[in-house]
$ cat start.txt   # compact mmCIF, C-alpha atoms
# COMPACT_ATOMS: atom_id res chain seq x y z
CA MET A 152 -64.83 -14.82 13.26
CA ILE A 153 -67.92 -15.43 11.15
CA GLU A 154 -68.40 -13.54 7.89
CA ILE A 155 -71.57 -11.46 7.88
CA GLU A 156 -71.45 -9.44 4.67
CA ARG A 157 -69.24 -7.75 2.10
CA LEU A 158 -69.65 -4.00 1.88
CA ARG A 159 -68.16 -1.30 -0.40
CA VAL A 160 -64.49 -1.95 0.34
CA SER A 161 -64.59 -4.14 3.42
CA THR A 162 -66.12 -7.23 4.95
CA VAL A 163 -67.92 -7.31 8.28
CA PHE A 164 -67.33 -10.29 10.56
CA LEU A 165 -69.02 -11.28 13.80
CA PHE A 166 -66.50 -11.74 16.59
CA ARG A 167 -67.07 -15.20 18.09
CA GLU A 168 -66.45 -13.95 21.62
CA GLN A 169 -69.71 -12.15 22.49
CA THR A 170 -69.29 -10.58 25.94
CA TYR A 171 -70.35 -7.42 24.09
CA LYS A 172 -73.39 -8.66 22.16
CA GLY A 173 -73.04 -7.74 18.50
CA ARG A 174 -69.29 -7.12 18.54
CA CYS A 175 -67.96 -7.15 14.99
CA VAL A 176 -64.87 -6.45 12.99
CA VAL A 177 -64.90 -4.42 9.77
CA ALA A 178 -61.84 -5.53 7.76
CA LEU A 179 -60.61 -3.78 4.65
CA ASN A 180 -60.74 -6.17 1.69
CA GLU A 181 -57.38 -5.04 0.27
CA HIS A 182 -54.31 -5.70 2.36
CA HIS A 183 -52.76 -2.53 3.80
CA ARG A 184 -50.89 -2.10 7.08
CA GLU A 185 -51.80 1.52 7.84
CA PHE A 186 -54.95 3.60 7.30
CA PHE A 187 -52.90 6.58 6.12
CA HIS A 188 -51.42 4.47 3.30
CA LEU A 189 -54.85 4.43 1.62
CA SER A 190 -55.94 6.90 -1.02
CA GLN A 191 -58.42 9.54 0.15
CA GLU A 192 -61.14 7.79 -1.86
CA MET A 193 -60.41 4.45 -0.16
CA GLN A 194 -60.25 6.09 3.29
CA ASP A 195 -63.65 7.68 2.71
CA ALA A 196 -65.25 4.47 1.43
CA TYR A 197 -63.82 2.42 4.31
CA MET A 198 -64.98 4.87 6.97
CA ARG A 199 -68.46 4.88 5.40
CA ASP A 200 -68.48 1.09 5.82
CA VAL A 201 -67.33 1.39 9.45
CA ALA A 202 -69.98 4.02 10.22
CA GLN A 203 -72.73 1.98 8.56
CA VAL A 204 -71.85 -1.14 10.56
CA ALA A 205 -71.62 0.86 13.80
CA ARG A 206 -75.07 2.36 13.19
CA ALA A 207 -76.56 -1.06 12.36
CA VAL A 208 -75.07 -2.58 15.53
CA GLU A 209 -76.31 0.35 17.64
CA GLN A 210 -79.82 -0.07 16.27
CA ALA A 211 -79.83 -3.87 16.50
CA PHE A 212 -78.68 -4.05 20.12
CA SER A 213 -79.80 -0.69 21.57
CA ALA A 214 -76.23 0.18 22.48
CA ASP A 215 -75.72 3.09 24.84
CA LYS A 216 -72.34 3.69 23.19
CA ILE A 217 -70.26 2.18 20.42
CA ASN A 218 -66.56 1.71 21.14
CA TYR A 219 -64.12 1.46 18.26
CA GLY A 220 -60.80 -0.34 18.30
CA ALA A 221 -58.13 -0.22 15.64
CA PHE A 222 -55.30 -2.40 16.85
CA GLY A 223 -52.78 -4.02 14.58
CA ASP A 224 -49.71 -5.12 16.49
CA THR A 225 -50.37 -8.82 16.02
CA MET A 226 -52.55 -8.56 12.90
CA PRO A 227 -51.10 -5.83 10.67
CA HIS A 228 -54.16 -5.38 8.47
CA ILE A 229 -56.60 -2.47 8.54
CA HIS A 230 -59.62 -3.44 10.61
CA PHE A 231 -61.89 -1.79 13.18
CA HIS A 232 -63.57 -3.53 16.09
CA ILE A 233 -67.15 -2.29 16.55
CA VAL A 234 -68.07 -2.90 20.18
CA PRO A 235 -71.55 -2.08 21.50
CA LYS A 236 -71.52 -1.13 25.17
CA GLN A 237 -74.41 -1.01 27.64
CA LYS A 238 -74.48 1.24 30.74
CA ASP A 239 -75.25 -1.80 32.90
CA GLY A 240 -72.88 -4.10 30.99
CA PRO A 241 -69.25 -5.19 31.22
CA GLU A 242 -66.55 -2.52 31.39
CA TRP A 243 -68.92 0.47 31.15
CA GLY A 244 -66.81 3.62 31.49
CA LYS A 245 -63.64 1.72 30.62
CA MET A 246 -62.01 0.52 27.44
CA PHE A 247 -63.47 -2.78 26.26
CA GLU A 248 -61.39 -5.89 26.80
CA MET A 249 -59.92 -7.31 23.59
CA ASN A 250 -60.09 -10.84 24.97
CA PRO A 251 -62.50 -10.84 27.92
CA SER A 252 -61.87 -13.49 30.53
CA ALA A 253 -65.55 -14.45 30.34
CA ASN A 254 -64.93 -15.74 26.80
CA LYS A 255 -68.67 -15.86 26.04
CA GLN A 256 -69.25 -18.35 23.23
CA LEU A 257 -72.70 -18.92 21.73
CA THR A 258 -74.54 -21.69 19.96
CA GLU A 259 -74.61 -21.61 16.18
CA ALA A 260 -78.30 -20.61 16.36
CA GLU A 261 -77.46 -17.67 18.64
CA TYR A 262 -74.68 -16.52 16.29
CA GLN A 263 -77.14 -16.76 13.37
CA ASP A 264 -79.70 -14.67 15.24
CA ILE A 265 -77.15 -11.89 15.87
CA ILE A 266 -75.98 -12.03 12.23
CA GLU A 267 -79.55 -11.75 10.96
CA GLN A 268 -80.20 -8.74 13.21
CA ILE A 269 -77.10 -6.95 11.93
CA LYS A 270 -77.86 -7.83 8.29
CA SER A 271 -81.43 -6.58 8.65
CA HIS A 272 -80.29 -3.21 9.95
CA LEU A 273 -77.55 -2.97 7.31
CA LEU A 274 -80.15 -3.61 4.62
CA ASP A 275 -82.43 -0.92 6.07
CA LEU A 276 -79.52 1.57 6.06
CA GLN A 277 -78.62 0.71 2.45
CA ARG A 278 -82.22 1.53 1.44
CA GLU A 279 -82.04 5.03 2.95
$ encode --input "start.txt" --output "structure tokens"
Amino acid sequence: MIEIERLRVSTVFLFREQTYKGRCVVALNEHHREFFHLSQEMQDAYMRDVAQVARAVEQAFSADKINYGAFGDTMPHIHFHIVPKQKDGPEWGKMFEMNPSANKQLTEAEYQDIIEQIKSHLLDLQRE
């Protein structure tokens, strides 16, 4: 993953596999295994971060729907996958694939372009 930006209580990372253009992970900065172990204040702050990233990704990539994934069997740390889906794109109407067989990797310039788009929309949302 590629670090994009630190937020209130988490860090947003771009997922290197980009079958779903703009797919990110929002990882809590503190190490906790379960969301319900967090204080109410930390839960609220983390979910604000998740919502802000989801909105930025939706705006940046004109997503028809954002899918969320919170899996932790192999990585027991609180993190959400933010996955923009398009009606005419892969797996529409189905759960997104964690590790798509397409394994779409980009050039460094293409990753930078996606990162800049997400950062720009995050900055706009922070100004609101």
$ residues_around --input "start.txt" --residues "A:Gly223" --least-positions-apart "3" --cutoff "12 Å" --atoms "only C-alpha atoms" --output "list in words"
Ala178, His183, Arg184, Glu185, Phe186, Gly220, Met226, Pro227, His228, Ile229, His230, Phe231, His232 and Met249 of chain A
$ atom_distance --input "start.txt" --atom1 "atom CA of A:Gly244" --atom2 "atom CA of A:Leu273"
27.3 Å
$ atom_distance --input "start.txt" --atom1 "atom CA of A:Val204" --atom2 "atom CA of A:Asp239"
22.6 Å
$ residues_around --input "start.txt" --residues "stretch 233-238 of chain A" --least-positions-apart "4" --cutoff "6 Å" --atoms "all atoms listed in the file" --output "PyMOL selection string"
chain A and resi 174-176+214-219+243
$ closest_residue --input "start.txt" --among "A:Gln194, A:Ser271, A:Gln263, A:Gln203" --to "A:Leu179" --atoms "only C-alpha atoms"
A:Gln194
$ axis_aligned_box --input "start.txt" --around "stretch 206-222 of chain A" --padding-each-side "4 Å" --output "AutoDock Vina command-line options"
--center_x -67.6 --center_y -0.2 --center_z 18.6 --size_x 32.5 --size_y 15.7 --size_z 20.5
$ residues_around --input "start.txt" --residues "A:Glu168" --least-positions-apart "2" --cutoff "9 Å" --atoms "all atoms listed in the file" --output "list in words"
Met152, Leu165, Phe166, Thr170, Tyr171, Lys172, Arg174, Asn250, Pro251, Ala253, Asn254, Lys255, Gln256 and Leu257 of chain A
$ residues_near_point --input "start.txt" --point "(-67.7, -6.5, 8.4)" --cutoff "7 Å" --atoms "all atoms listed in the file" --output "number ranges by chain"
A: 155-157, 161-164, 175-178
$ closest_residue --input "start.txt" --among "A:Glu154, A:Ala207, A:Gln169, A:Asp224" --to "A:Glu248" --atoms "all atoms listed in the file"
A:Gln169
